[in-house]
file input12.txt (compact mmCIF, C-alpha atoms)
# COMPACT_ATOMS: atom_id res chain seq x y z
CA MET Y 1 20.46 -19.13 62.15
CA ASP Y 2 17.34 -20.99 63.27
CA SER Y 3 16.86 -23.31 66.26
CA ILE Y 4 18.04 -26.47 64.44
CA GLN Y 5 21.27 -24.81 63.31
CA ALA Y 6 21.79 -23.15 66.71
CA GLN Y 7 21.50 -26.52 68.42
CA PHE Y 8 23.87 -28.08 65.88
CA CYS Y 9 26.47 -25.34 66.48
CA SER Y 10 26.09 -25.60 70.25
CA LEU Y 11 26.59 -29.38 70.23
CA LEU Y 12 29.76 -29.04 68.14
CA GLN Y 13 31.02 -26.18 70.29
CA GLU Y 14 30.96 -28.56 73.27
CA HIS Y 15 33.73 -30.46 71.46
CA GLY Y 16 35.69 -27.36 70.51
CA ILE Y 17 34.47 -27.18 66.91
CA ALA Y 18 33.28 -23.75 65.76
CA VAL Y 19 31.07 -23.44 62.66
CA SER Y 20 31.11 -20.15 60.77
CA GLU Y 21 28.16 -18.48 59.05
CA GLU Y 22 29.59 -19.52 55.68
CA GLN Y 23 29.96 -23.15 56.80
CA LEU Y 24 26.37 -23.13 58.08
CA LYS Y 25 25.23 -21.97 54.64
CA GLN Y 26 27.14 -24.90 53.12
CA PHE Y 27 25.48 -27.38 55.48
CA GLU Y 28 22.05 -25.98 54.67
CA ARG Y 29 22.70 -26.13 50.93
CA TYR Y 30 23.96 -29.69 51.35
CA TYR Y 31 20.73 -30.58 53.15
CA GLU Y 32 18.61 -29.01 50.39
CA GLU Y 33 20.44 -30.85 47.61
CA LEU Y 34 20.33 -34.15 49.54
CA VAL Y 35 16.55 -33.97 49.90
CA SER Y 36 16.04 -32.78 46.32
CA TRP Y 37 18.16 -35.53 44.75
CA ASN Y 38 16.73 -38.12 47.13
CA GLU Y 39 13.41 -37.80 45.29
CA LYS Y 40 15.12 -39.10 42.13
CA MET Y 41 17.50 -41.66 43.64
CA ASN Y 42 17.88 -43.51 46.92
CA LEU Y 43 20.49 -41.58 48.93
CA THR Y 44 19.08 -41.72 52.46
CA GLY Y 45 16.03 -42.83 54.44
CA ILE Y 46 16.51 -39.81 56.71
CA THR Y 47 15.14 -36.59 55.23
CA GLU Y 48 13.65 -34.61 58.18
CA ARG Y 49 15.86 -31.55 58.56
CA ASP Y 50 16.51 -31.86 62.30
CA GLN Y 51 17.33 -35.56 61.84
CA VAL Y 52 19.74 -34.91 58.95
CA TYR Y 53 21.64 -32.36 61.03
CA ILE Y 54 22.09 -34.83 63.90
CA LYS Y 55 22.12 -38.30 62.31
CA HIS Y 56 24.17 -37.38 59.25
CA PHE Y 57 26.04 -34.11 59.79
CA TYR Y 58 26.82 -34.28 63.53
CA ASP Y 59 27.36 -38.05 63.36
CA SER Y 60 29.91 -37.60 60.54
CA ILE Y 61 31.77 -34.85 62.39
CA SER Y 62 31.90 -36.95 65.60
CA LEU Y 63 34.97 -38.63 64.13
CA ALA Y 64 36.82 -35.36 64.83
CA PHE Y 65 36.14 -35.74 68.56
CA HIS Y 66 38.65 -38.61 68.59
CA VAL Y 67 41.01 -37.82 65.69
CA PRO Y 68 43.15 -34.62 65.62
CA MET Y 69 41.84 -33.35 62.27
CA GLY Y 70 44.21 -30.38 62.27
CA GLU Y 71 47.07 -32.85 61.81
CA ILE Y 72 45.36 -34.70 58.94
CA GLU Y 73 46.19 -33.50 55.43
CA SER Y 74 44.79 -36.22 53.16
CA MET Y 75 41.63 -38.24 53.73
CA ALA Y 76 39.93 -41.01 51.76
CA ASP Y 77 36.27 -41.84 52.41
CA ILE Y 78 35.48 -45.33 51.11
CA GLY Y 79 31.90 -46.23 50.10
CA SER Y 80 30.81 -42.71 50.94
CA GLY Y 81 27.25 -43.01 49.61
CA ALA Y 82 25.64 -39.58 50.00
CA GLY Y 83 28.95 -38.13 51.21
CA PHE Y 84 29.15 -39.22 54.85
CA PRO Y 85 31.41 -38.65 56.69
CA GLY Y 86 33.64 -37.03 54.05
CA ILE Y 87 31.66 -33.94 53.03
CA PRO Y 88 30.64 -32.75 56.55
CA LEU Y 89 34.26 -33.18 57.69
CA LYS Y 90 35.49 -31.24 54.63
CA ILE Y 91 33.04 -28.40 55.40
CA CYS Y 92 34.30 -28.19 59.00
CA PHE Y 93 37.97 -28.67 58.11
CA PRO Y 94 38.49 -26.97 54.71
CA HIS Y 95 42.22 -27.75 54.67
CA LEU Y 96 41.51 -31.47 54.09
CA GLN Y 97 42.46 -32.94 50.74
CA LEU Y 98 39.48 -35.26 50.38
CA THR Y 99 39.14 -38.27 48.10
CA ILE Y 100 35.77 -40.03 47.95
CA VAL Y 101 35.37 -43.53 46.52
CA ASP Y 102 31.99 -45.00 45.59
CA SER Y 103 31.00 -47.87 43.31
CA LEU Y 104 27.77 -46.22 42.08
CA ASN Y 105 28.25 -43.55 39.43
CA LYS Y 106 24.91 -41.88 40.22
CA ARG Y 107 26.13 -41.14 43.73
CA ILE Y 108 29.38 -39.72 42.37
CA GLN Y 109 27.32 -37.43 40.10
CA PHE Y 110 25.32 -36.25 43.11
CA LEU Y 111 28.50 -35.61 45.09
CA GLN Y 112 30.05 -33.69 42.19
CA HIS Y 113 26.96 -31.50 42.14
CA VAL Y 114 27.24 -30.93 45.90
CA VAL Y 115 30.95 -30.10 45.67
CA ASP Y 116 30.24 -27.56 42.90
CA GLU Y 117 27.25 -26.02 44.71
CA LEU Y 118 29.15 -25.68 47.99
CA GLY Y 119 32.29 -24.35 46.34
CA LEU Y 120 34.52 -27.02 47.89
CA SER Y 121 38.09 -27.29 46.61
CA GLN Y 122 40.60 -30.14 46.83
CA VAL Y 123 37.91 -32.82 46.56
CA ARG Y 124 38.49 -35.79 44.25
CA LEU Y 125 35.55 -38.07 43.44
CA LEU Y 126 36.33 -41.55 42.16
CA HIS Y 127 33.84 -44.00 40.69
CA GLY Y 128 35.01 -47.58 41.21
CA ARG Y 129 35.39 -50.56 43.50
CA ALA Y 130 37.67 -50.10 46.49
CA GLU Y 131 39.47 -53.35 45.64
CA ASP Y 132 40.43 -52.02 42.19
CA LEU Y 133 41.30 -48.48 43.22
CA GLY Y 134 43.33 -49.72 46.21
CA ARG Y 135 45.83 -51.17 43.73
CA GLN Y 136 46.46 -47.86 41.96
CA GLU Y 137 49.91 -46.49 42.75
CA ASN Y 138 48.73 -42.92 43.46
CA LEU Y 139 46.07 -44.15 45.94
CA ARG Y 140 47.79 -47.09 47.60
CA ASP Y 141 49.46 -46.43 50.99
CA ALA Y 142 48.73 -42.74 50.36
CA PHE Y 143 46.35 -41.25 52.95
CA ASP Y 144 46.74 -39.92 56.49
CA LEU Y 145 43.14 -40.90 57.30
CA VAL Y 146 40.77 -43.44 55.73
CA THR Y 147 37.11 -43.63 56.78
CA ALA Y 148 34.11 -45.87 56.20
CA ARG Y 149 30.66 -45.37 57.71
CA ALA Y 150 28.18 -48.25 57.90
CA VAL Y 151 29.69 -50.12 54.93
CA ALA Y 152 30.49 -53.72 56.00
CA ARG Y 153 31.83 -55.88 58.81
CA MET Y 154 35.39 -55.19 59.97
CA ALA Y 155 36.89 -58.34 58.42
CA ILE Y 156 35.75 -57.09 55.00
CA LEU Y 157 36.27 -53.38 55.66
CA ASN Y 158 39.92 -53.86 56.54
CA GLU Y 159 40.62 -55.17 53.06
CA PHE Y 160 38.57 -52.39 51.44
CA CYS Y 161 40.17 -49.57 53.42
CA LEU Y 162 43.60 -50.34 54.88
CA PRO Y 163 45.33 -50.46 51.45
CA PHE Y 164 44.57 -46.72 51.10
CA ALA Y 165 46.13 -45.74 54.45
CA LYS Y 166 49.78 -44.76 54.55
CA PRO Y 167 52.07 -46.46 57.09
CA GLY Y 168 51.52 -44.60 60.34
CA GLY Y 169 48.14 -43.39 59.10
CA LEU Y 170 44.72 -44.15 60.55
CA PHE Y 171 41.70 -46.11 59.37
CA VAL Y 172 38.51 -45.27 61.29
CA ALA Y 173 35.38 -47.40 60.88
CA MET Y 174 32.20 -45.68 62.06
CA LYS Y 175 29.78 -48.14 63.64
CA GLY Y 176 26.44 -48.13 65.44
CA SER Y 177 26.15 -50.95 67.96
CA ASN Y 178 29.16 -52.35 69.82
CA PRO Y 179 31.59 -53.85 67.24
CA GLU Y 180 33.64 -55.84 69.78
CA ASP Y 181 32.80 -59.19 68.15
CA GLU Y 182 33.53 -57.78 64.69
CA VAL Y 183 36.93 -56.57 65.84
CA LYS Y 184 37.77 -60.01 67.27
CA GLU Y 185 36.60 -61.68 64.05
CA ALA Y 186 38.83 -59.29 62.08
CA ALA Y 187 42.08 -60.23 63.85
CA ARG Y 188 43.42 -62.16 60.84
CA SER Y 189 42.57 -59.43 58.33
CA LEU Y 190 44.25 -56.84 60.56
CA SER Y 191 47.40 -58.93 60.69
CA GLU Y 192 47.41 -59.64 56.94
CA LEU Y 193 46.75 -56.00 55.98
CA LYS Y 194 49.25 -54.50 58.43
CA GLY Y 195 46.74 -52.85 60.74
CA LYS Y 196 46.86 -52.54 64.51
CA TRP Y 197 43.76 -51.93 66.62
CA VAL Y 198 44.15 -48.76 68.70
CA SER Y 199 40.83 -48.19 70.49
CA THR Y 200 37.05 -48.29 70.13
CA PRO Y 201 35.64 -45.11 71.67
CA ALA Y 202 31.89 -45.18 72.33
CA PHE Y 203 29.41 -42.31 72.63
CA SER Y 204 25.72 -41.52 72.16
CA LEU Y 205 24.20 -39.31 69.51
CA PRO Y 206 22.66 -36.30 71.25
CA LEU Y 207 18.88 -35.95 71.65
CA GLU Y 208 17.99 -39.50 70.68
CA ASN Y 209 20.86 -41.24 72.54
CA SER Y 210 21.46 -43.98 69.96
CA GLU Y 211 24.84 -45.63 70.47
CA ARG Y 212 27.85 -45.03 68.24
CA HIS Y 213 31.32 -46.56 68.13
CA LEU Y 214 34.49 -45.71 66.25
CA VAL Y 215 37.06 -48.40 65.53
CA LEU Y 216 40.49 -46.77 65.28
CA ILE Y 217 43.14 -48.77 63.47
CA GLN Y 218 46.72 -47.72 62.76
CA LYS Y 219 48.49 -48.83 59.60
CA THR Y 220 51.85 -50.26 60.67
CA SER Y 221 53.61 -50.90 57.33
CA PRO Y 222 52.94 -50.92 53.56
CA THR Y 223 50.17 -53.10 52.12
CA PRO Y 224 51.39 -56.56 51.03
CA LYS Y 225 51.38 -56.99 47.24
CA LYS Y 226 48.63 -59.62 47.22
CA TYR Y 227 46.06 -57.24 48.75
CA PRO Y 228 43.43 -56.17 48.11
CA ARG Y 229 42.20 -59.26 46.31
CA LYS Y 230 40.05 -59.00 43.17
CA ALA Y 231 36.75 -57.13 43.34
CA GLY Y 232 34.04 -59.20 45.04
CA ILE Y 233 36.37 -61.69 46.73
CA PRO Y 234 36.77 -59.85 50.10
CA ALA Y 235 32.99 -59.79 50.62
CA LYS Y 236 32.53 -63.42 49.54
CA THR Y 237 35.58 -64.80 51.34
CA PRO Y 238 36.56 -62.48 54.21
CA LEU Y 239 39.93 -62.96 55.91
CA VAL Y 240 38.68 -64.64 59.09
call {"tool": "encode", "arguments": {"input": "input12.txt", "output": "structure tokens"}}
result
Amino acid sequence: MDSIQAQFCSLLQEHGIAVSEEQLKQFERYYEELVSWNEKMNLTGITERDQVYIKHFYDSISLAFHVPMGEIESMADIGSGAGFPGIPLKICFPHLQLTIVDSLNKRIQFLQHVVDELGLSQVRLLHGRAEDLGRQENLRDAFDLVTARAVARMAILNEFCLPFAKPGGLFVAMKGSNPEDEVKEAARSLSELKGKWVSTPAFSLPLENSERHLVLIQKTSPTPKKYPRKAGIPAKTPLV
């Protein structure tokens, strides 16, 4: 374990999350594959190792500071991109049954490679639009936890993500700057999609102190039949 990994472990330990030697090896391999594949396709603008460990890995795991991950069995990560927050959370909490949705097949191929290299089990990777997949019977109203990190504004995200959450389950949107206005703007979409705002915890990323916010939303009842609307419509005509 070098200084970057030691710092990473120490920061997580402050929140009661212990990382084993094997999990550290998985994070390091993930980093190596991310940087290697990033030369061929645009996965991330952050490639410095210390930055990846904080801005991608730690940032992804920060969701677990506010959600009792031990009680979560199934998780769907919508618009996961290079695998954030889904893959870091899966490494830390191997019991998770993780489903990742992304509209770009190249990213799904990268994630399949990562899953194979890291030896992760119970990970399902789906290529498609959230609006289409959210209508599939086996995915709709099915997950304990649904996540999205830096994907879209809340009024759009709610329609992308809430259909996947089971009644009583959680949708957590991971945001940078204060999303208070977004949450207000999203009041209609929350009502239509049977979501209830719970809280918006705020914190700073360590070392660089950039602000982060989580928007926690509880699914109150099954998704109405008319949602999600056809692919492309939520982004063009948000429920505001």
call {"tool": "closest_residue", "arguments": {"input": "input12.txt", "among": "Y:Lys236, Y:Lys175, Y:Arg153, Y:Arg49", "to": "Tyr31 (chain Y)", "atoms": "only C-alpha atoms"}}
result
Y:Arg49
call {"tool": "closest_residue", "arguments": {"input": "input12.txt", "among": "Y:His113, Y:Arg212, Y:Lys196, Y:Lys219", "to": "Pro163 (chain Y)", "atoms": "only C-alpha atoms"}}
result
Y:Lys219
call {"tool": "residues_around", "arguments": {"input": "input12.txt", "residues": "Arg124 (chain Y)", "least_positions_apart": "4", "cutoff": "8 Å", "atoms": "all atoms listed in the file", "output": "VMD selection string"}}
result
chain Y and resid 98 to 100
call {"tool": "atom_distance", "arguments": {"input": "input12.txt", "atom1": "CA of Lys230 (chain Y)", "atom2": "CA of Lys106 (chain Y)"}}
result
23.0 Å
call {"tool": "residues_around", "arguments": {"input": "input12.txt", "residues": "Tyr53 (chain Y)", "least_positions_apart": "6", "cutoff": "12 Å", "atoms": "all atoms listed in the file", "output": "PyMOL selection string"}}
result
chain Y and resi 3-9+11-12+24+27-32+34+46-47+59-61+84+88+205-207
call {"tool": "atom_distance", "arguments": {"input": "input12.txt", "atom1": "CA of Trp197 (chain Y)", "atom2": "CA of Val183 (chain Y)"}}
result
8.3 Å
call {"tool": "decode", "arguments": {"input": "input12.txt", "residues": "region 112-144 of chain Y", "atoms": "N, CA, C and O atoms", "output": "short mmCIF file (atom, residue, chain, number, x, y, z; two decimals), in the first residue's frame"}}
result
data_model
loop_
_atom_site.label_atom_id
_atom_site.label_comp_id
_atom_site.auth_asym_id
_atom_site.auth_seq_id
_atom_site.Cartn_x
_atom_site.Cartn_y
_atom_site.Cartn_z
N GLN Y 112 -17.69 -4.16 -18.97
CA GLN Y 112 -17.63 -5.63 -18.97
C GLN Y 112 -16.19 -6.10 -18.77
O GLN Y 112 -15.93 -7.05 -18.03
N HIS Y 113 -15.28 -5.42 -19.42
CA HIS Y 113 -13.86 -5.73 -19.26
C HIS Y 113 -13.42 -5.53 -17.80
O HIS Y 113 -12.73 -6.38 -17.23
N VAL Y 114 -13.85 -4.43 -17.21
CA VAL Y 114 -13.50 -4.14 -15.80
C VAL Y 114 -14.08 -5.21 -14.87
O VAL Y 114 -13.38 -5.73 -14.00
N VAL Y 115 -15.35 -5.53 -15.08
CA VAL Y 115 -16.01 -6.55 -14.25
C VAL Y 115 -15.26 -7.88 -14.33
O VAL Y 115 -15.02 -8.55 -13.31
N ASP Y 116 -14.85 -8.26 -15.55
CA ASP Y 116 -14.11 -9.52 -15.73
C ASP Y 116 -12.74 -9.46 -15.06
O ASP Y 116 -12.32 -10.39 -14.38
N GLU Y 117 -12.03 -8.34 -15.27
CA GLU Y 117 -10.68 -8.19 -14.72
C GLU Y 117 -10.69 -8.18 -13.19
O GLU Y 117 -9.77 -8.69 -12.55
N LEU Y 118 -11.72 -7.58 -12.61
CA LEU Y 118 -11.79 -7.45 -11.16
C LEU Y 118 -12.44 -8.66 -10.50
O LEU Y 118 -12.45 -8.78 -9.27
N GLY Y 119 -12.98 -9.56 -11.32
CA GLY Y 119 -13.63 -10.75 -10.77
C GLY Y 119 -14.90 -10.45 -10.00
O GLY Y 119 -15.20 -11.11 -9.01
N LEU Y 120 -15.66 -9.45 -10.46
CA LEU Y 120 -16.90 -9.07 -9.78
C LEU Y 120 -18.05 -9.98 -10.22
O LEU Y 120 -18.19 -10.26 -11.41
N SER Y 121 -18.85 -10.42 -9.27
CA SER Y 121 -20.01 -11.25 -9.60
C SER Y 121 -21.28 -10.46 -9.32
O SER Y 121 -21.26 -9.41 -8.67
N GLN Y 122 -22.38 -10.97 -9.84
CA GLN Y 122 -23.69 -10.33 -9.67
C GLN Y 122 -23.68 -8.88 -10.17
O GLN Y 122 -24.17 -7.96 -9.51
N VAL Y 123 -23.11 -8.70 -11.36
CA VAL Y 123 -23.14 -7.40 -12.04
C VAL Y 123 -23.78 -7.60 -13.41
O VAL Y 123 -23.33 -8.44 -14.19
N ARG Y 124 -24.83 -6.84 -13.69
CA ARG Y 124 -25.52 -6.92 -14.97
C ARG Y 124 -25.32 -5.60 -15.69
O ARG Y 124 -25.58 -4.53 -15.13
N LEU Y 125 -24.85 -5.65 -16.92
CA LEU Y 125 -24.56 -4.45 -17.70
C LEU Y 125 -25.55 -4.36 -18.87
O LEU Y 125 -25.62 -5.28 -19.69
N LEU Y 126 -26.29 -3.28 -18.93
CA LEU Y 126 -27.34 -3.14 -19.93
C LEU Y 126 -27.08 -1.93 -20.83
O LEU Y 126 -26.95 -0.80 -20.35
N HIS Y 127 -27.03 -2.21 -22.14
CA HIS Y 127 -26.88 -1.13 -23.12
C HIS Y 127 -28.27 -0.69 -23.56
O HIS Y 127 -29.06 -1.49 -24.07
N GLY Y 128 -28.61 0.58 -23.32
CA GLY Y 128 -29.91 1.08 -23.75
C GLY Y 128 -30.25 2.41 -23.10
O GLY Y 128 -29.52 2.90 -22.23
N ARG Y 129 -31.35 2.98 -23.53
CA ARG Y 129 -31.83 4.24 -22.97
C ARG Y 129 -32.64 3.93 -21.71
O ARG Y 129 -33.44 2.98 -21.68
N ALA Y 130 -32.48 4.75 -20.70
CA ALA Y 130 -33.20 4.55 -19.45
C ALA Y 130 -34.70 4.54 -19.67
O ALA Y 130 -35.44 3.76 -19.04
N GLU Y 131 -35.18 5.39 -20.60
CA GLU Y 131 -36.62 5.47 -20.84
C GLU Y 131 -37.18 4.16 -21.38
O GLU Y 131 -38.32 3.78 -21.08
N ASP Y 132 -36.39 3.47 -22.20
CA ASP Y 132 -36.83 2.18 -22.76
C ASP Y 132 -36.72 1.06 -21.73
O ASP Y 132 -37.65 0.27 -21.55
N LEU Y 133 -35.59 1.00 -21.05
CA LEU Y 133 -35.36 -0.08 -20.09
C LEU Y 133 -36.28 0.06 -18.88
O LEU Y 133 -36.66 -0.94 -18.27
N GLY Y 134 -36.64 1.29 -18.53
CA GLY Y 134 -37.53 1.52 -17.39
C GLY Y 134 -38.94 0.99 -17.59
O GLY Y 134 -39.75 0.99 -16.66
N ARG Y 135 -39.24 0.56 -18.81
CA ARG Y 135 -40.55 -0.03 -19.10
C ARG Y 135 -40.51 -1.57 -19.07
O ARG Y 135 -41.55 -2.21 -19.17
N GLN Y 136 -39.33 -2.13 -18.96
CA GLN Y 136 -39.22 -3.59 -18.92
C GLN Y 136 -39.68 -4.13 -17.57
O GLN Y 136 -39.28 -3.63 -16.52
N GLU Y 137 -40.48 -5.16 -17.61
CA GLU Y 137 -41.12 -5.68 -16.40
C GLU Y 137 -40.11 -6.09 -15.32
O GLU Y 137 -40.33 -5.87 -14.13
N ASN Y 138 -38.99 -6.68 -15.75
CA ASN Y 138 -38.02 -7.18 -14.75
C ASN Y 138 -37.17 -6.06 -14.15
O ASN Y 138 -36.46 -6.28 -13.17
N LEU Y 139 -37.25 -4.85 -14.71
CA LEU Y 139 -36.45 -3.72 -14.23
C LEU Y 139 -37.31 -2.66 -13.56
O LEU Y 139 -36.83 -1.91 -12.70
N ARG Y 140 -38.55 -2.62 -13.92
CA ARG Y 140 -39.46 -1.56 -13.45
C ARG Y 140 -39.87 -1.81 -11.99
O ARG Y 140 -40.21 -2.94 -11.62
N ASP Y 141 -39.81 -0.77 -11.16
CA ASP Y 141 -40.19 -0.89 -9.74
C ASP Y 141 -39.47 -2.05 -9.06
O ASP Y 141 -40.06 -2.79 -8.28
N ALA Y 142 -38.16 -2.21 -9.37
CA ALA Y 142 -37.46 -3.44 -8.98
C ALA Y 142 -36.30 -3.28 -8.01
O ALA Y 142 -35.88 -4.25 -7.40
N PHE Y 143 -35.77 -2.06 -7.83
CA PHE Y 143 -34.49 -1.91 -7.12
C PHE Y 143 -34.62 -1.19 -5.78
O PHE Y 143 -35.36 -0.22 -5.64
N ASP Y 144 -33.83 -1.66 -4.81
CA ASP Y 144 -33.79 -1.02 -3.49
C ASP Y 144 -33.19 0.38 -3.59
O ASP Y 144 -33.61 1.29 -2.88
#
